[in-house]
Amino acid sequence: MSEVTTTTQSAAQALVNRGLKNYWYPVAASWQVNSAPIGVTRLSENIVLWRDGKNQVHALEDRCPHRGARLSLGWNLGERIACWYHGIEINSKGTVEKVPAVNACPLEGKTCIKSYPVEERNGAIFLWFGDELHPEPTPLNLPEEMASDEWSSFLCLSNWKCNYRYAIDNVMDPMHGAYLHATSHSMAEGDKQADMRVRKTDTGIMFEKVNQRDMNFDWVELGETGTMWLRLSIPYKKKFGPGGSFYIIGFAVPVDEENCQVYFWRCRKVQGWQRDAWRFLYKNRLEGLHWDVLEQDRAVLENMIPDARNNEFLYQHDIGVTRTRRMLEQKASAQLEALAAHRELSAQQKSEETQQNNA
Ligand code: FES
Ligand SMILES: [Fe+2]
């Protein structure tokens with residue numbers, strides 16, 4: 001393998017490890033963002049979030065352009081934020097509107113920090129992480145279980161001390177349900193062995209057991225609709241109330257290379273009194289049981305051996321994992337190649353302009 005190929009591959013790996021660009025990601029639960037600005041790290045970027053008087057959430061790079069103080073320590077001025085250190089005011093597009101300490105400062109009017117497009121959906125704040133070539137977001141289309149009124153859901157959010165790719169691998173691995181969660185309320189049934197297959201869907205891939213459905217964690221789907229989501233369902237016993245199988249729509253969000261957040265919307269298709277019954281049962285009984293299951297995943301993932309992904313021996317039921325990894329790496333390479341081509345073209349244009357100006 002040539003040196004150039006190896007370097008390109010490791011750059012692609014590094015990009016996947018930090019988090020692919022050009023997607024919407026959930027970055028906080030709605031209840032976490034209020035009028036006091038908060039600082040969060042997502043995809044290794046420091047971001048300040050605040051809510052204005054009209055309930056709109058704004059998101060900027062968490063860095064004052066003057067001397068680098070954290071804007072998240074500053075003051076909410078509605079659609080602007082003021083830095084605590086020397087009071088400069090920056091609007092939600094990242095443009096400096098006022099430098100109160102001096103007259104006519106050249107910093108005024110300059111857009112010098114990054115702003116993020118924001119959407120608030122289903123009790124969470126989503127931000128668009130575009131690269132240089134994609135500052136404008138694509139539409140955020142959420143799966144039916146989140147978007148349709150026929151479904152009712154709860155958001156479960158957890159912080160895990162592992163790279164987000166382990167969280168994705170974990171969901172793309174339904175076979176672990178029959179072992180890791182063997183004593184749980186929902187995954188005690190079904191075969192301990194399965195042949196698995198991958199097939200394409202309109203928005204991504206489906207990875208499923210060949211001979212078993214609706215017994216355990218038997219299938220998982222990965223989809224891309226402006227954001228990358230994972231969908232799975234788990235059968236519920238009758239005693240868990242109306243609404244049939246329990247669906248989960250999951251998102252794994254990189255914090256930095258060693259930490260992630262998982263967002264799981266737990267959904268059932270129920271309306272009317274049945275919806276009330278499900279929501280009551282969930283809050284009183286099921287939520288605790290689901291937390292027990294999720295903590296089993298966390299215990300394994302946070303304690304994987306160092307560099308586990310580069311020290312493995314994969315077999316047949318890991319093809320969902322390998323297919324997903326390959327897809328992420330191909331996307332990263334494509335993003336990096338497009339950026340490199342764009343930068344080369346811009347450099348060429350600049351040098352031609354300089355030559356013309358000097359002629
Ligand atoms: S560092 Fe923010 S105003 Fe000086
Ligand atoms: Fe699990």
# chains A, B, ... in the order shown; residues from 1 in each chain; ligands from 1
$ select_by_dssp --residues "segment 60-309 of chain A" --states "alpha helix (DSSP H)" --output "short mmCIF file (atom, residue, chain, number, x, y, z; two decimals) with N, CA, C and O atoms, in the first residue's frame"
data_model
loop_
_atom_site.label_atom_id
_atom_site.label_comp_id
_atom_site.auth_asym_id
_atom_site.auth_seq_id
_atom_site.Cartn_x
_atom_site.Cartn_y
_atom_site.Cartn_z
N GLU A 144 -40.43 8.07 10.95
CA GLU A 144 -41.88 8.12 11.23
C GLU A 144 -42.19 8.04 12.73
O GLU A 144 -43.07 8.75 13.23
N GLU A 145 -41.47 7.19 13.44
CA GLU A 145 -41.77 6.99 14.87
C GLU A 145 -41.60 8.30 15.65
O GLU A 145 -42.19 8.47 16.72
N MET A 146 -40.75 9.20 15.13
CA MET A 146 -40.57 10.48 15.80
C MET A 146 -41.44 11.57 15.16
O MET A 146 -41.89 12.49 15.83
N ALA A 147 -41.66 11.45 13.84
CA ALA A 147 -42.31 12.55 13.12
C ALA A 147 -43.83 12.46 13.13
O ALA A 147 -44.51 13.48 13.03
N TYR A 164 -17.94 7.28 20.06
CA TYR A 164 -19.33 7.03 19.62
C TYR A 164 -19.43 5.84 18.68
O TYR A 164 -20.50 5.25 18.52
N ARG A 165 -18.31 5.47 18.03
CA ARG A 165 -18.39 4.37 17.07
C ARG A 165 -18.70 3.05 17.77
O ARG A 165 -19.31 2.16 17.19
N TYR A 166 -18.29 2.94 19.04
CA TYR A 166 -18.65 1.72 19.78
C TYR A 166 -20.15 1.66 20.04
O TYR A 166 -20.75 0.57 20.07
N ALA A 167 -20.74 2.83 20.23
CA ALA A 167 -22.20 2.86 20.44
C ALA A 167 -22.93 2.46 19.16
O ALA A 167 -23.93 1.74 19.20
N ILE A 168 -22.41 2.89 18.01
CA ILE A 168 -23.03 2.48 16.73
C ILE A 168 -22.83 0.98 16.52
O ILE A 168 -23.77 0.25 16.21
N ASP A 169 -21.59 0.52 16.72
CA ASP A 169 -21.31 -0.92 16.57
C ASP A 169 -22.26 -1.74 17.44
O ASP A 169 -22.76 -2.79 17.03
N ASN A 170 -22.50 -1.26 18.64
CA ASN A 170 -23.34 -1.99 19.60
C ASN A 170 -24.78 -2.16 19.08
O ASN A 170 -25.38 -3.22 19.19
N VAL A 171 -25.31 -1.08 18.46
CA VAL A 171 -26.67 -1.18 17.95
C VAL A 171 -26.71 -2.01 16.66
O VAL A 171 -27.68 -2.72 16.39
N GLY A 177 -28.19 -8.99 22.09
CA GLY A 177 -29.42 -8.97 22.90
C GLY A 177 -29.64 -10.28 23.63
O GLY A 177 -30.00 -10.31 24.81
N ALA A 178 -29.40 -11.40 22.93
CA ALA A 178 -29.67 -12.73 23.49
C ALA A 178 -28.64 -13.14 24.55
O ALA A 178 -28.84 -14.12 25.26
N TYR A 179 -27.55 -12.40 24.66
CA TYR A 179 -26.51 -12.73 25.65
C TYR A 179 -26.42 -11.65 26.73
O TYR A 179 -26.76 -11.87 27.88
N LEU A 180 -25.97 -10.46 26.30
CA LEU A 180 -25.79 -9.38 27.29
C LEU A 180 -27.10 -9.07 28.04
O LEU A 180 -27.08 -8.79 29.24
N GLY A 272 -54.97 7.92 21.88
CA GLY A 272 -56.10 7.96 22.81
C GLY A 272 -55.75 7.43 24.20
O GLY A 272 -54.66 7.67 24.72
N TRP A 273 -56.70 6.69 24.80
CA TRP A 273 -56.48 6.22 26.17
C TRP A 273 -55.31 5.23 26.24
O TRP A 273 -54.64 5.12 27.27
N GLN A 274 -55.07 4.53 25.12
CA GLN A 274 -53.98 3.56 25.11
C GLN A 274 -52.63 4.28 25.24
O GLN A 274 -51.69 3.80 25.86
N ARG A 275 -52.59 5.48 24.63
CA ARG A 275 -51.37 6.29 24.74
C ARG A 275 -51.15 6.68 26.21
O ARG A 275 -50.04 6.60 26.73
N ASP A 276 -52.24 7.10 26.86
CA ASP A 276 -52.11 7.47 28.28
C ASP A 276 -51.64 6.27 29.10
O ASP A 276 -50.80 6.40 29.99
N ALA A 277 -52.21 5.09 28.77
CA ALA A 277 -51.83 3.88 29.52
C ALA A 277 -50.35 3.58 29.32
O ALA A 277 -49.61 3.28 30.28
N TRP A 278 -49.88 3.69 28.09
CA TRP A 278 -48.46 3.43 27.80
C TRP A 278 -47.56 4.43 28.51
O TRP A 278 -46.58 4.06 29.15
N ARG A 279 -47.95 5.69 28.47
CA ARG A 279 -47.08 6.71 29.08
C ARG A 279 -47.05 6.54 30.60
O ARG A 279 -46.01 6.72 31.23
N PHE A 280 -48.17 6.13 31.16
CA PHE A 280 -48.21 5.89 32.61
C PHE A 280 -47.34 4.68 32.97
O PHE A 280 -46.51 4.74 33.88
N LEU A 281 -47.52 3.61 32.21
CA LEU A 281 -46.74 2.38 32.48
C LEU A 281 -45.24 2.62 32.30
O LEU A 281 -44.41 2.15 33.07
N GLU A 287 -39.60 2.37 32.31
CA GLU A 287 -38.39 3.20 32.15
C GLU A 287 -37.24 2.63 32.98
O GLU A 287 -36.11 2.53 32.50
N GLY A 288 -37.53 2.24 34.20
CA GLY A 288 -36.49 1.68 35.06
C GLY A 288 -35.90 0.40 34.48
O GLY A 288 -34.68 0.21 34.49
N LEU A 289 -36.79 -0.44 33.92
CA LEU A 289 -36.31 -1.69 33.32
C LEU A 289 -35.42 -1.41 32.11
O LEU A 289 -34.39 -2.05 31.90
N HIS A 290 -35.82 -0.41 31.31
CA HIS A 290 -35.01 -0.06 30.14
C HIS A 290 -33.66 0.54 30.55
O HIS A 290 -32.65 0.31 29.89
N TRP A 291 -33.67 1.30 31.62
CA TRP A 291 -32.39 1.85 32.10
C TRP A 291 -31.46 0.71 32.50
O TRP A 291 -30.25 0.76 32.23
N ASP A 292 -32.02 -0.33 33.15
CA ASP A 292 -31.16 -1.47 33.53
C ASP A 292 -30.49 -2.07 32.30
O ASP A 292 -29.31 -2.41 32.31
N VAL A 293 -31.27 -2.20 31.21
CA VAL A 293 -30.72 -2.78 29.97
C VAL A 293 -29.62 -1.86 29.42
O VAL A 293 -28.53 -2.32 29.06
N LEU A 294 -29.90 -0.57 29.38
CA LEU A 294 -28.94 0.38 28.81
C LEU A 294 -27.64 0.42 29.63
O LEU A 294 -26.55 0.59 29.09
N GLU A 295 -27.78 0.24 30.92
CA GLU A 295 -26.58 0.24 31.76
C GLU A 295 -25.72 -0.99 31.48
O GLU A 295 -24.49 -0.94 31.63
N GLN A 296 -26.34 -2.09 31.04
CA GLN A 296 -25.56 -3.28 30.66
C GLN A 296 -24.70 -2.95 29.43
O GLN A 296 -23.52 -3.29 29.36
N ASP A 297 -25.30 -2.25 28.46
CA ASP A 297 -24.53 -1.84 27.28
C ASP A 297 -23.37 -0.93 27.69
O ASP A 297 -22.24 -1.10 27.25
N ARG A 298 -23.71 0.04 28.54
CA ARG A 298 -22.67 1.01 28.95
C ARG A 298 -21.52 0.30 29.66
O ARG A 298 -20.35 0.57 29.39
N ALA A 299 -21.86 -0.65 30.54
CA ALA A 299 -20.81 -1.35 31.31
C ALA A 299 -19.84 -2.05 30.36
O ALA A 299 -18.62 -2.00 30.56
N VAL A 300 -20.38 -2.68 29.32
CA VAL A 300 -19.48 -3.38 28.39
C VAL A 300 -18.67 -2.38 27.57
O VAL A 300 -17.45 -2.49 27.45
N LEU A 301 -19.35 -1.38 27.04
CA LEU A 301 -18.67 -0.48 26.10
C LEU A 301 -17.62 0.40 26.78
O LEU A 301 -16.57 0.67 26.21
N GLU A 302 -17.90 0.83 28.00
CA GLU A 302 -16.91 1.69 28.68
C GLU A 302 -15.70 0.89 29.14
O GLU A 302 -14.69 1.46 29.52
#
$ residues_around --residues "Val253 of chain A" --least-positions-apart "3" --cutoff "7 Å" --atoms "only C-alpha atoms" --output "PDB file with N, CA and C atoms, in the first residue's frame"
ATOM      1  N   TYR A  25     -27.076  16.594  14.073  1.00  0.00           N
ATOM      2  CA  TYR A  25     -26.899  15.744  15.253  1.00  0.00           C
ATOM      3  C   TYR A  25     -27.703  16.330  16.413  1.00  0.00           C
ATOM      4  N   TYR A 164     -17.939   7.282  20.057  1.00  0.00           N
ATOM      5  CA  TYR A 164     -19.329   7.029  19.618  1.00  0.00           C
ATOM      6  C   TYR A 164     -19.434   5.843  18.678  1.00  0.00           C
ATOM      7  N   CYS A 260     -19.037  10.020  24.265  1.00  0.00           N
ATOM      8  CA  CYS A 260     -20.166  10.235  23.354  1.00  0.00           C
ATOM      9  C   CYS A 260     -21.448  10.395  24.155  1.00  0.00           C
ATOM     10  N   GLN A 261     -22.470  10.776  23.422  1.00  0.00           N
ATOM     11  CA  GLN A 261     -23.814  10.785  23.994  1.00  0.00           C
ATOM     12  C   GLN A 261     -24.672   9.861  23.154  1.00  0.00           C
ATOM     13  N   VAL A 262     -25.573   9.152  23.809  1.00  0.00           N
ATOM     14  CA  VAL A 262     -26.552   8.382  23.043  1.00  0.00           C
ATOM     15  C   VAL A 262     -27.931   8.965  23.324  1.00  0.00           C
TER      16      VAL A 262
END
$ residues_around --residues "segment 122-127 of chain A" --least-positions-apart "3" --cutoff "7 Å" --atoms "only C-alpha atoms" --output "list of chain:residue names"
A:Trp24, A:Tyr25, A:Pro26, A:Val27, A:Ala28, A:Ala29, A:Ser30, A:Tyr116, A:Pro117, A:Val118, A:Glu119, A:Met146
$ write_last_selection --atoms "N, CA and C atoms" --output "compact mmCIF listing (two decimals), in the first residue's frame"
# COMPACT_ATOMS: atom_id res chain seq x y z
N TRP A 24 -27.14 16.54 10.55
CA TRP A 24 -27.72 17.07 11.78
C TRP A 24 -27.42 16.08 12.89
N TYR A 25 -27.08 16.59 14.07
CA TYR A 25 -26.90 15.74 15.25
C TYR A 25 -27.70 16.33 16.41
N PRO A 26 -28.34 15.50 17.22
CA PRO A 26 -28.89 16.04 18.46
C PRO A 26 -27.73 16.38 19.40
N VAL A 27 -27.79 17.53 20.07
CA VAL A 27 -26.67 17.93 20.92
C VAL A 27 -27.08 18.15 22.38
N ALA A 28 -28.38 18.24 22.62
CA ALA A 28 -28.85 18.42 24.01
C ALA A 28 -30.34 18.14 24.04
N ALA A 29 -30.81 17.77 25.22
CA ALA A 29 -32.26 17.68 25.39
C ALA A 29 -32.80 19.10 25.53
N SER A 30 -34.01 19.32 25.07
CA SER A 30 -34.59 20.68 25.14
C SER A 30 -34.54 21.25 26.54
N TYR A 116 -24.19 27.85 14.08
CA TYR A 116 -24.75 26.55 13.70
C TYR A 116 -26.24 26.68 13.44
N PRO A 117 -26.73 26.18 12.29
CA PRO A 117 -28.19 26.09 12.12
C PRO A 117 -28.79 25.19 13.20
N VAL A 118 -29.94 25.59 13.71
CA VAL A 118 -30.57 24.89 14.84
C VAL A 118 -31.99 24.43 14.48
N GLU A 119 -32.34 23.25 14.88
CA GLU A 119 -33.74 22.77 14.81
C GLU A 119 -34.07 22.14 16.16
N MET A 146 -40.75 9.20 15.13
CA MET A 146 -40.57 10.48 15.80
C MET A 146 -41.44 11.57 15.16
$ select_by_dssp --residues "segment 41-248 of chain A" --states "strand (DSSP E or B)" --output "PyMOL selection string"
chain A and resi 41-42+45-51+57-61+75-76+80-82+89-91+95-98+111+115+118-121+124-129+152-160+196-200+204-209+219-224+227-234+246-248
$ residues_around --residues "Ala332 of chain A" --least-positions-apart "6" --cutoff "7 Å" --atoms "only C-alpha atoms" --output "NGL selection string"
:A and (12 or 15-16 or 20)
$ closest_residue --among "A:Leu345, A:Leu107, A:Leu222, A:Leu43" --to "ligand 1" --atoms "only C-alpha atoms and all ligand atoms"
A:Leu107
$ residues_near_ligand --ligand "ligand 1" --cutoff "7 Å" --atoms "only C-alpha atoms and all ligand atoms" --output "list in words"
Cys64, Pro65, His66, Arg67, Gly68, Ala69, Cys83, Trp84, Tyr85, His86, Gly87 and Ile88 of chain A
$ closest_residue --among "A:Ser186, A:Asn159, A:Thr227, A:Gln316" --to "ligand 2" --atoms "only C-alpha atoms and all ligand atoms"
A:Ser186
$ atom_distance --atom1 "atom CA of Ser148 of chain A" --atom2 "atom CA of Ser184 of chain A"
29.1 Å
$ residues_around --residues "Lys98 of chain A" --least-positions-apart "4" --cutoff "12 Å" --atoms "only C-alpha atoms" --output "list in words"
His66, Arg80, Ile81, Ala82, Cys83, His86, Gly87, Ile88, Glu89, Ile90, Asn91, Gly94, Val102, Asn103, Ala104, Cys105, Pro106, Leu107, Glu108, Gly109, Lys110 and Thr111 of chain A
$ closest_residue --among "A:Pro174, A:Pro143, A:Pro254, A:Gly223" --to "ligand 2" --atoms "only C-alpha atoms and all ligand atoms"
A:Pro174
$ closest_residue --among "A:Asp149, A:Ile248, A:Val99, A:Val33" --to "ligand 2" --atoms "only C-alpha atoms and all ligand atoms"
A:Ile248
$ atom_distance --atom1 "atom CA of Gly74 of chain A" --atom2 "atom CA of Trp31 of chain A"
19.8 Å
